[in-house]
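Quick look at final_33.pdb (PDB, C-alpha atoms, pLDDT in the B column):
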MODEL        1
ATOM      1  CA  SER A 241     104.339  97.397 133.674  1.00 56.00           C
ATOM      2  CA  SER A 242     108.092  97.165 134.245  1.00 67.00           C
ATOM      3  CA  ASP A 243     109.811  94.326 136.071  1.00 80.00           C
ATOM      4  CA  LEU A 244     112.693  95.072 138.427  1.00 83.00           C
ATOM      5  CA  GLN A 245     115.187  92.476 139.545  1.00 85.00           C
ATOM      6  CA  THR A 246     117.679  92.094 142.363  1.00 89.00           C
ATOM      7  CA  SER A 247     119.738  89.264 143.859  1.00 89.00           C
ATOM      8  CA  THR A 248     121.211  88.244 147.155  1.00 91.00           C
ATOM      9  CA  ARG A 249     124.198  85.922 147.497  1.00 92.00           C
ATOM     10  CA  LEU A 250     124.404  83.580 150.469  1.00 92.00           C
ATOM     11  CA  LEU A 251     127.292  81.467 151.759  1.00 90.00           C
ATOM     12  CA  VAL A 252     126.341  77.946 152.828  1.00 88.00           C
ATOM     13  CA  SER A 253     128.319  76.356 155.627  1.00 83.00           C
ATOM     14  CA  GLY A 254     129.292  72.705 155.562  1.00 74.00           C
ATOM     15  CA  SER A 255     128.805  72.192 159.273  1.00 68.00           C
ATOM     16  CA  SER A 256     126.586  73.565 161.992  1.00 54.00           C
ATOM     17  CA  SER A 257     129.422  73.428 164.477  1.00 54.00           C
ATOM     18  CA  LEU A 258     133.181  73.262 164.559  1.00 49.00           C
ATOM     19  CA  SER A 259     133.238  69.574 165.442  1.00 53.00           C
ATOM     20  CA  ALA A 260     135.771  67.158 164.050  1.00 48.00           C
ATOM     21  CA  VAL A 261     134.921  67.418 160.379  1.00 58.00           C
ATOM     22  CA  ASP A 262     137.882  67.750 158.080  1.00 77.00           C
ATOM     23  CA  GLU A 263     138.093  70.709 155.679  1.00 77.00           C
ATOM     24  CA  ILE A 264     137.557  68.727 152.452  1.00 82.00           C
ATOM     25  CA  THR A 265     134.441  67.002 153.817  1.00 83.00           C
ATOM     26  CA  ARG A 266     133.078  70.323 155.092  1.00 83.00           C
ATOM     27  CA  ARG A 267     133.619  71.955 151.701  1.00 86.00           C
ATOM     28  CA  GLN A 268     131.931  69.129 149.809  1.00 86.00           C
ATOM     29  CA  LEU A 269     129.017  69.186 152.212  1.00 86.00           C
ATOM     30  CA  ALA A 270     128.611  72.939 151.728  1.00 87.00           C
ATOM     31  CA  GLN A 271     128.541  72.554 147.945  1.00 89.00           C
ATOM     32  CA  GLN A 272     125.937  69.798 148.136  1.00 89.00           C
ATOM     33  CA  ARG A 273     123.829  71.810 150.540  1.00 87.00           C
ATOM     34  CA  ALA A 274     123.964  74.867 148.286  1.00 90.00           C
ATOM     35  CA  VAL A 275     122.465  72.847 145.425  1.00 91.00           C
ATOM     36  CA  LEU A 276     119.790  71.380 147.713  1.00 89.00           C
ATOM     37  CA  PHE A 277     118.930  74.788 149.146  1.00 90.00           C
ATOM     38  CA  SER A 278     118.575  76.260 145.642  1.00 90.00           C
ATOM     39  CA  GLN A 279     115.973  73.629 144.813  1.00 90.00           C
ATOM     40  CA  ILE A 280     113.977  74.192 147.993  1.00 89.00           C
ATOM     41  CA  ALA A 281     114.221  78.003 147.927  1.00 89.00           C
ATOM     42  CA  THR A 282     111.762  78.265 145.021  1.00 89.00           C
ATOM     43  CA  THR A 283     109.052  76.103 146.591  1.00 89.00           C
ATOM     44  CA  SER A 284     105.743  77.696 147.537  1.00 88.00           C
ATOM     45  CA  PRO A 285     106.189  77.488 151.366  1.00 88.00           C
ATOM     46  CA  VAL A 286     109.550  79.251 151.247  1.00 89.00           C
ATOM     47  CA  ILE A 287     108.341  81.966 148.867  1.00 89.00           C
ATOM     48  CA  ALA A 288     105.236  82.541 150.977  1.00 88.00           C
ATOM     49  CA  ALA A 289     107.384  82.794 154.116  1.00 88.00           C
ATOM     50  CA  ALA A 290     109.690  85.340 152.440  1.00 88.00           C
ATOM     51  CA  GLU A 291     106.744  87.451 151.281  1.00 87.00           C
ATOM     52  CA  LYS A 292     105.172  87.321 154.738  1.00 87.00           C
ATOM     53  CA  ALA A 293     108.428  88.356 156.386  1.00 86.00           C
ATOM     54  CA  ALA A 294     108.897  91.213 153.939  1.00 85.00           C
ATOM     55  CA  ASP A 295     105.325  92.307 154.580  1.00 81.00           C
ATOM     56  CA  SER A 296     106.187  92.909 158.203  1.00 74.00           C
ATOM     57  CA  ALA A 297     108.419  95.774 157.026  1.00 62.00           C
ATOM     58  CA  GLY A 298     105.354  97.682 155.853  1.00 60.00           C
ATOM     59  CA  LEU A 299     105.280  96.477 152.251  1.00 58.00           C
ATOM     60  CA  ASN A 300     102.674  94.373 150.546  1.00 54.00           C
ATOM     61  CA  PRO A 301     104.970  92.229 148.407  1.00 52.00           C
ATOM     62  CA  ALA A 302     102.337  89.624 147.673  1.00 49.00           C
ATOM     63  CA  ALA A 303     100.458  92.293 145.699  1.00 44.00           C
ATOM     64  CA  GLU A 304     103.449  94.264 144.432  1.00 47.00           C
ATOM     65  CA  ALA A 305     105.192  91.093 143.275  1.00 47.00           C
ATOM     66  CA  SER A 306     102.242  89.766 141.337  1.00 45.00           C
ATOM     67  CA  GLY A 307     103.595  88.020 138.301  1.00 44.00           C
ATOM     68  CA  ALA A 308     107.050  88.138 139.840  1.00 54.00           C
ATOM     69  CA  GLY A 309     109.641  85.455 139.421  1.00 80.00           C
ATOM     70  CA  ILE A 310     111.891  83.967 142.057  1.00 88.00           C
ATOM     71  CA  SER A 311     114.815  81.818 141.045  1.00 90.00           C
ATOM     72  CA  ALA A 312     117.692  80.250 142.933  1.00 91.00           C
ATOM     73  CA  SER A 313     120.947  78.882 141.612  1.00 91.00           C
ATOM     74  CA  ALA A 314     124.025  77.074 142.876  1.00 91.00           C
ATOM     75  CA  SER A 315     126.887  75.856 140.720  1.00 90.00           C
ATOM     76  CA  GLY A 316     127.646  72.722 142.730  1.00 87.00           C
ATOM     77  CA  THR A 317     131.349  73.616 142.666  1.00 90.00           C
ATOM     78  CA  ASP A 318     131.262  76.294 145.373  1.00 90.00           C
ATOM     79  CA  PRO A 319     129.253  76.916 148.558  1.00 91.00           C
ATOM     80  CA  PHE A 320     127.381  79.955 147.241  1.00 92.00           C
ATOM     81  CA  LEU A 321     123.616  80.243 146.796  1.00 92.00           C
ATOM     82  CA  THR A 322     122.127  83.072 144.713  1.00 93.00           C
ATOM     83  CA  ILE A 323     118.494  84.122 145.120  1.00 92.00           C
ATOM     84  CA  THR A 324     117.067  86.338 142.361  1.00 92.00           C
ATOM     85  CA  VAL A 325     113.732  88.113 142.744  1.00 90.00           C
ATOM     86  CA  THR A 326     111.799  89.967 140.048  1.00 88.00           C
ATOM     87  CA  ALA A 327     108.910  92.190 141.126  1.00 84.00           C
ATOM     88  CA  ASN A 328     106.852  95.150 139.981  1.00 82.00           C
ATOM     89  CA  THR A 329     108.516  97.546 142.436  1.00 82.00           C
ATOM     90  CA  PRO A 330     112.164  97.785 143.531  1.00 85.00           C
ATOM     91  CA  GLN A 331     111.207  97.802 147.220  1.00 85.00           C
ATOM     92  CA  ALA A 332     109.277  94.534 146.950  1.00 85.00           C
ATOM     93  CA  ALA A 333     112.095  92.816 145.047  1.00 87.00           C
ATOM     94  CA  GLN A 334     114.719  93.932 147.559  1.00 88.00           C
ATOM     95  CA  ALA A 335     112.631  93.118 150.642  1.00 88.00           C
ATOM     96  CA  ILE A 336     111.707  89.620 149.518  1.00 89.00           C
ATOM     97  CA  ALA A 337     115.241  88.743 148.408  1.00 89.00           C
ATOM     98  CA  ASN A 338     116.786  89.865 151.702  1.00 89.00           C
ATOM     99  CA  GLU A 339     114.349  87.745 153.748  1.00 89.00           C
ATOM    100  CA  PHE A 340     115.514  84.409 152.315  1.00 90.00           C
ATOM    101  CA  VAL A 341     118.498  84.228 154.652  1.00 88.00           C
ATOM    102  CA  THR A 342     116.033  84.345 157.550  1.00 87.00           C
ATOM    103  CA  VAL A 343     113.155  82.204 156.314  1.00 88.00           C
ATOM    104  CA  LEU A 344     115.066  79.503 154.441  1.00 87.00           C
ATOM    105  CA  PRO A 345     116.736  77.756 157.423  1.00 85.00           C
ATOM    106  CA  PRO A 346     113.483  77.197 159.386  1.00 85.00           C
ATOM    107  CA  GLU A 347     111.763  75.888 156.269  1.00 83.00           C
ATOM    108  CA  LEU A 348     114.680  73.534 155.657  1.00 82.00           C
ATOM    109  CA  ALA A 349     114.473  72.347 159.243  1.00 81.00           C
ATOM    110  CA  LYS A 350     110.756  71.609 158.793  1.00 81.00           C
ATOM    111  CA  LEU A 351     111.662  69.384 155.860  1.00 76.00           C
ATOM    112  CA  ASP A 352     114.257  67.624 158.012  1.00 66.00           C
ATOM    113  CA  GLN A 353     117.019  68.804 155.687  1.00 59.00           C
ATOM    114  CA  LEU A 354     119.059  70.567 158.384  1.00 60.00           C
ATOM    115  CA  PRO A 355     120.194  69.867 161.942  1.00 58.00           C
ATOM    116  CA  SER A 356     118.768  71.911 164.768  1.00 52.00           C
ATOM    117  CA  ALA A 357     121.519  74.541 164.759  1.00 49.00           C
ATOM    118  CA  VAL A 358     120.505  76.091 161.461  1.00 52.00           C
ATOM    119  CA  LYS A 359     121.215  79.779 161.919  1.00 54.00           C
ATOM    120  CA  ALA A 360     124.951  79.398 161.437  1.00 56.00           C
ATOM    121  CA  LEU A 361     124.585  77.630 158.093  1.00 79.00           C
ATOM    122  CA  LEU A 362     123.638  80.676 155.948  1.00 82.00           C
ATOM    123  CA  THR A 363     125.582  83.923 155.764  1.00 83.00           C
ATOM    124  CA  VAL A 364     124.826  86.937 153.580  1.00 87.00           C
ATOM    125  CA  VAL A 365     127.756  87.672 151.280  1.00 86.00           C
ATOM    126  CA  ASN A 366     126.011  90.258 149.094  1.00 87.00           C
ATOM    127  CA  GLY A 367     122.681  91.648 150.180  1.00 83.00           C
ATOM    128  CA  ALA A 368     120.026  92.489 147.645  1.00 84.00           C
ATOM    129  CA  GLY A 369     120.298  96.079 146.483  1.00 81.00           C
ATOM    130  CA  LEU A 370     117.488  98.358 145.382  1.00 80.00           C
ATOM    131  CA  PRO A 371     117.096  97.838 141.604  1.00 82.00           C
ATOM    132  CA  THR A 372     116.865 100.996 139.499  1.00 71.00           C
ATOM    133  CA  THR A 373     116.766  99.707 135.930  1.00 73.00           C
ATOM    134  CA  PRO A 374     113.898  97.482 134.716  1.00 71.00           C
ATOM    135  CA  VAL A 375     114.879  94.119 133.272  1.00 68.00           C
ATOM    136  CA  SER A 376     111.627  93.992 131.316  1.00 68.00           C
ATOM    137  CA  PRO A 377     110.594  95.487 129.007  1.00 65.00           C
ATOM    138  CA  ASN A 378     113.988  96.120 127.425  1.00 66.00           C
ATOM    139  CA  PRO A 379     113.493  98.903 124.818  1.00 67.00           C
ATOM    140  CA  LYS A 380     116.925  98.565 123.197  1.00 74.00           C
ATOM    141  CA  ARG A 381     116.610  94.798 122.821  1.00 74.00           C
ATOM    142  CA  ASN A 382     113.035  95.067 121.571  1.00 76.00           C
ATOM    143  CA  ILE A 383     114.023  97.716 119.006  1.00 83.00           C
ATOM    144  CA  LEU A 384     116.912  95.570 117.740  1.00 85.00           C
ATOM    145  CA  ILE A 385     114.658  92.514 117.506  1.00 88.00           C
ATOM    146  CA  GLY A 386     112.014  94.591 115.720  1.00 86.00           C
ATOM    147  CA  LEU A 387     114.563  95.933 113.239  1.00 89.00           C
ATOM    148  CA  ALA A 388     115.933  92.465 112.553  1.00 90.00           C
ATOM    149  CA  LEU A 389     112.453  91.010 112.047  1.00 91.00           C
ATOM    150  CA  GLY A 390     111.486  93.982 109.883  1.00 90.00           C
ATOM    151  CA  ILE A 391     114.501  93.471 107.626  1.00 92.00           C
ATOM    152  CA  VAL A 392     113.903  89.726 107.331  1.00 92.00           C
ATOM    153  CA  LEU A 393     110.180  90.144 106.650  1.00 92.00           C
ATOM    154  CA  GLY A 394     110.869  92.962 104.184  1.00 90.00           C
ATOM    155  CA  ILE A 395     113.340  90.853 102.222  1.00 92.00           C
ATOM    156  CA  ALA A 396     110.979  87.874 102.284  1.00 91.00           C
ATOM    157  CA  ALA A 397     108.056  90.012 101.081  1.00 90.00           C
ATOM    158  CA  ALA A 398     110.188  91.469  98.286  1.00 88.00           C
ATOM    159  CA  LEU A 399     111.291  88.004  97.151  1.00 89.00           C
ATOM    160  CA  ILE A 400     107.725  86.674  97.204  1.00 89.00           C
ATOM    161  CA  ARG A 401     106.458  89.701  95.299  1.00 86.00           C
ATOM    162  CA  GLU A 402     109.243  89.360  92.747  1.00 81.00           C
ATOM    163  CA  THR A 403     108.489  85.661  92.306  1.00 83.00           C
ATOM    164  CA  LEU A 404     104.730  86.148  91.845  1.00 84.00           C
ATOM    165  CA  ASN A 405     104.991  89.249  89.642  1.00 80.00           C
ATOM    166  CA  THR A 406     104.826  88.349  85.942  1.00 79.00           C
ATOM    167  CA  THR A 407     105.079  91.903  84.635  1.00 81.00           C
ATOM    168  CA  LEU A 408     107.663  92.508  81.898  1.00 78.00           C
ATOM    169  CA  ARG A 409     109.457  95.694  82.887  1.00 77.00           C
ATOM    170  CA  ASP A 410     111.838  96.275  79.983  1.00 80.00           C
ATOM    171  CA  SER A 411     112.728  95.103  76.510  1.00 81.00           C
ATOM    172  CA  GLU A 412     115.555  92.910  77.761  1.00 83.00           C
ATOM    173  CA  GLU A 413     113.074  90.758  79.706  1.00 83.00           C
ATOM    174  CA  VAL A 414     110.916  90.457  76.594  1.00 82.00           C
ATOM    175  CA  ARG A 415     113.957  89.399  74.558  1.00 82.00           C
ATOM    176  CA  ARG A 416     115.002  86.844  77.190  1.00 84.00           C
ATOM    177  CA  LEU A 417     111.552  85.249  77.573  1.00 82.00           C
ATOM    178  CA  THR A 418     110.369  85.276  73.935  1.00 81.00           C
ATOM    179  CA  ARG A 419     113.735  85.051  72.132  1.00 79.00           C
ATOM    180  CA  ALA A 420     112.301  87.571  69.679  1.00 79.00           C
ATOM    181  CA  THR A 421     114.066  90.482  68.051  1.00 80.00           C
ATOM    182  CA  ILE A 422     113.259  93.903  69.505  1.00 83.00           C
ATOM    183  CA  LEU A 423     112.472  96.329  66.684  1.00 84.00           C
ATOM    184  CA  GLY A 424     112.565  99.381  68.892  1.00 85.00           C
ATOM    185  CA  VAL A 425     111.749 100.979  72.222  1.00 85.00           C
ATOM    186  CA  VAL A 426     109.445 104.018  72.245  1.00 85.00           C
ATOM    187  CA  PRO A 427     109.774 106.280  75.330  1.00 84.00           C
ATOM    188  CA  ARG A 428     106.670 107.556  77.086  1.00 81.00           C
ATOM    189  CA  GLU A 429     106.890 111.202  76.043  1.00 82.00           C
ATOM    190  CA  PHE A 430     104.132 113.669  75.170  1.00 82.00           C
ATOM    191  CA  ASP A 431     101.289 111.242  75.982  1.00 78.00           C
ATOM    192  CA  ASP A 432      98.794 114.084  75.695  1.00 78.00           C
ATOM    193  CA  GLU A 433      99.626 114.614  72.000  1.00 79.00           C
ATOM    194  CA  ARG A 434      98.046 112.369  69.376  1.00 80.00           C
ATOM    195  CA  LEU A 435     100.872 112.605  66.820  1.00 83.00           C
ATOM    196  CA  PRO A 436     104.079 113.595  68.596  1.00 80.00           C
ATOM    197  CA  ALA A 437     106.112 112.363  65.607  1.00 78.00           C
ATOM    198  CA  ALA A 438     104.503 115.151  63.554  1.00 83.00           C
ATOM    199  CA  THR A 439     104.344 117.880  66.180  1.00 82.00           C
ATOM    200  CA  ARG A 440     107.778 117.133  67.667  1.00 83.00           C
ATOM    201  CA  PRO A 441     109.855 115.591  64.850  1.00 84.00           C
ATOM    202  CA  HIS A 442     113.169 116.022  66.664  1.00 86.00           C
ATOM    203  CA  SER A 443     112.122 114.416  69.955  1.00 88.00           C
ATOM    204  CA  ARG A 444     113.377 111.082  71.252  1.00 89.00           C
ATOM    205  CA  ARG A 445     109.966 109.557  70.724  1.00 88.00           C
ATOM    206  CA  SER A 446     109.897 110.586  67.061  1.00 89.00           C
ATOM    207  CA  GLU A 447     113.382 109.167  66.597  1.00 90.00           C
ATOM    208  CA  ALA A 448     112.229 105.902  68.172  1.00 89.00           C
ATOM    209  CA  TYR A 449     109.340 105.630  65.683  1.00 89.00           C
ATOM    210  CA  ARG A 450     111.766 106.179  62.797  1.00 89.00           C
ATOM    211  CA  GLN A 451     114.010 103.441  64.184  1.00 89.00           C
ATOM    212  CA  VAL A 452     111.063 101.020  64.351  1.00 88.00           C
ATOM    213  CA  ARG A 453     110.143 101.948  60.747  1.00 88.00           C
ATOM    214  CA  THR A 454     113.701 101.291  59.544  1.00 88.00           C
ATOM    215  CA  ASN A 455     113.884  97.944  61.340  1.00 85.00           C
ATOM    216  CA  LEU A 456     110.535  96.920  59.861  1.00 85.00           C
ATOM    217  CA  GLU A 457     111.790  97.708  56.379  1.00 83.00           C
ATOM    218  CA  PHE A 458     114.837  95.542  56.890  1.00 80.00           C
ATOM    219  CA  ALA A 459     112.708  92.750  58.375  1.00 77.00           C
ATOM    220  CA  ALA A 460     110.336  92.837  55.404  1.00 74.00           C
ATOM    221  CA  GLU A 461     113.200  92.215  52.958  1.00 73.00           C
ATOM    222  CA  ASP A 462     113.944  88.871  54.605  1.00 69.00           C
ATOM    223  CA  GLU A 463     112.505  85.865  52.764  1.00 68.00           C
ATOM    224  CA  GLN A 464     111.296  84.459  56.073  1.00 71.00           C
ATOM    225  CA  ALA A 465     109.901  87.747  57.304  1.00 68.00           C
ATOM    226  CA  PRO A 466     107.191  87.444  59.954  1.00 69.00           C
ATOM    227  CA  HIS A 467     103.619  88.306  59.004  1.00 73.00           C
ATOM    228  CA  SER A 468     102.689  89.894  62.320  1.00 75.00           C
ATOM    229  CA  PHE A 469     104.347  92.107  64.878  1.00 75.00           C
ATOM    230  CA  VAL A 470     103.624  92.997  68.475  1.00 74.00           C
TER     231      VAL A 470
ENDMDL
END

As a first step, turn the structure in this file into structure tokens.
Amino acid sequence: SSDLQTSTRLLVSGSSSLSAVDEITRRQLAQQRAVLFSQIATTSPVIAAAEKAADSAGLNPAAEASGAGISASASGTDPFLTITVTANTPQAAQAIANEFVTVLPPELAKLDQLPSAVKALLTVVNGAGLPTTPVSPNPKRNILIGLALGIVLGIAAALIRETLNTTLRDSEEVRRLTRATILGVVPREFDDERLPAATRPHSRRSEAYRQVRTNLEFAAEDEQAPHSFV
């Protein structure tokens, strides 16, 4: 199944009233509260409250968001709180995300983390939209990862096969490994004929046999001529 994701951005106030709190202190308090709220927003009571509130709109987010993820983040340098919800349907993700502005203050008050006038402390800056594109699975990313892994595994398999293969493929490999003189190379022509040198005297294979014969004659004239040939 596909996962759809949406986010809502909330502004955290540094004061529940306009009492005599200077601007710098209010700003610092808002930043600290945003970080605190992000930590509490992902706790089970808050998530359950958001799902219950969204359910009142006619959805069943607890079922539709099975396996969903809810995350919250705050930079600590600004008063913004971002709630991100991933669910199996776009409606469930949007409904749950948009309920945090309502359910989070009462839950914070229960934990004695806010004064009594809590409603003025959270303001929706960007509401959660209805997601249209799944964040998972990601076909393009998966294809790229598959191609990269395929290339790496293919190269590794080729290197391993090359390392373990002891077959001698050409005369140059024989010369390099044995340091022996190559008397000739006979091509694989006319395999169905028993004596191609006689039936096809002008073929490349016949010429190769004649070259081997000539080289053998020269080798036999050497005082240290070998007694066997392969």

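One distance worth recording is that between CA of Thr372 (chain A) and CA of Ser247 (chain A), which is 12.8 Å.
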
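Closest approach to Phe320 (chain A) among A:Val452, A:Leu384, A:Ile287, A:Leu250: A:Leu250, based on only C-alpha atoms.
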
> Of the candidates A:Arg434, A:Val426, A:Val470, A:Ala290, which one gets nearest to Ser446 (chain A) if we count only C-alpha atoms?
Replying inline: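 Distance minimum relative to Ser446 (chain A) lands on A:Val426.
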
>> Using all atoms listed in the file, can you tell me which of A:Ala289, A:Ala312, A:Val275, A:Leu348 comes closest to Thr246 (chain A)?
In response: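 Of all the options, A:Ala312 lies closest to Thr246 (chain A).
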
> So which one's closest to Ser313 (chain A), A:Leu361, A:Arg249, A:Leu269, A:Asn328? Using only C-alpha atoms, please.
Replying inline: A:Arg249

Let me have the centre and edge lengths of the axis-aligned box enclosing all listed atoms of region 333-336 of chain A with 3 Å padding on every side, in Å to one decimal, as JSON.
{"center_x": 113.2, "center_y": 91.8, "center_z": 147.8, "size_x": 9.0, "size_y": 10.3, "size_z": 11.6}

> Between A:Thr265, A:Leu435, A:Gly424, A:Pro345, which has the minimum distance to Arg453 (chain A) (counting all atoms listed in the file)?
Replying inline: A:Gly424

Given the file above and the PyMOL selection byres ((chain A and resi 270) around 9), which residues are selected, and can you give them as a PDB file with C-alpha atoms, in the frame of the given file?
ATOM      1  CA  LEU A 251     127.292  81.467 151.759  1.00 90.00           C
ATOM      2  CA  VAL A 252     126.341  77.946 152.828  1.00 88.00           C
ATOM      3  CA  SER A 253     128.319  76.356 155.627  1.00 83.00           C
ATOM      4  CA  GLY A 254     129.292  72.705 155.562  1.00 74.00           C
ATOM      5  CA  SER A 255     128.805  72.192 159.273  1.00 68.00           C
ATOM      6  CA  THR A 265     134.441  67.002 153.817  1.00 83.00           C
ATOM      7  CA  ARG A 266     133.078  70.323 155.092  1.00 83.00           C
ATOM      8  CA  ARG A 267     133.619  71.955 151.701  1.00 86.00           C
ATOM      9  CA  GLN A 268     131.931  69.129 149.809  1.00 86.00           C
ATOM     10  CA  LEU A 269     129.017  69.186 152.212  1.00 86.00           C
ATOM     11  CA  GLN A 271     128.541  72.554 147.945  1.00 89.00           C
ATOM     12  CA  GLN A 272     125.937  69.798 148.136  1.00 89.00           C
ATOM     13  CA  ARG A 273     123.829  71.810 150.540  1.00 87.00           C
ATOM     14  CA  ALA A 274     123.964  74.867 148.286  1.00 90.00           C
ATOM     15  CA  VAL A 275     122.465  72.847 145.425  1.00 91.00           C
ATOM     16  CA  ASP A 318     131.262  76.294 145.373  1.00 90.00           C
ATOM     17  CA  PRO A 319     129.253  76.916 148.558  1.00 91.00           C
ATOM     18  CA  PHE A 320     127.381  79.955 147.241  1.00 92.00           C
ATOM     19  CA  LEU A 361     124.585  77.630 158.093  1.00 79.00           C
TER      20      LEU A 361
END

>> as number ranges by chain, please: the residues near Arg450 (chain A) (cut-off 12 Å, only C-alpha atoms, same-chain neighbours under 3 positions excluded).
In response: A: 423-426, 437-438, 441-447, 453-457

>> I'd like the interatomic distance between CA of Ala327 (chain A) and CA of Ser296 (chain A), to a tenth of an Å.
In response: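 CA of Ser296 (chain A) lies at a distance of 17.3 Å from CA of Ala327 (chain A).
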
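Residues matched by the PyMOL selection byres ((chain A and resi 286) around 10) in this file: A:Ile280, A:Ala281, A:Thr282, A:Thr283, A:Ser284, A:Pro285, A:Ile287, A:Ala288, A:Ala289, A:Ala290, A:Glu291, A:Lys292, A:Phe340, A:Val343, A:Leu344, A:Pro345, A:Pro346, A:Glu347, A:Leu348.
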
>> To one decimal place in Å, what is the distance between CA of Ala448 (chain A) and CA of Phe469 (chain A)?
In response: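 Computed distance, CA of Ala448 (chain A) to CA of Phe469 (chain A), equals 16.2 Å.
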
> Taking all atoms listed in the file into account, which of A:Gly309, A:Pro436, A:Pro374, A:Gly367 comes nearest Glu339 (chain A)?
Replying inline: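 For Glu339 (chain A), the nearest of the given residues is A:Gly367.
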
> Using all atoms listed in the file, which residues sit within 7 Å of Ala368 (chain A) once same-chain residues fewer than 2 positions away are excluded, as an MDAnalysis selection string?
Replying inline: chainID A and resid 246:248 334 337:338 366 370
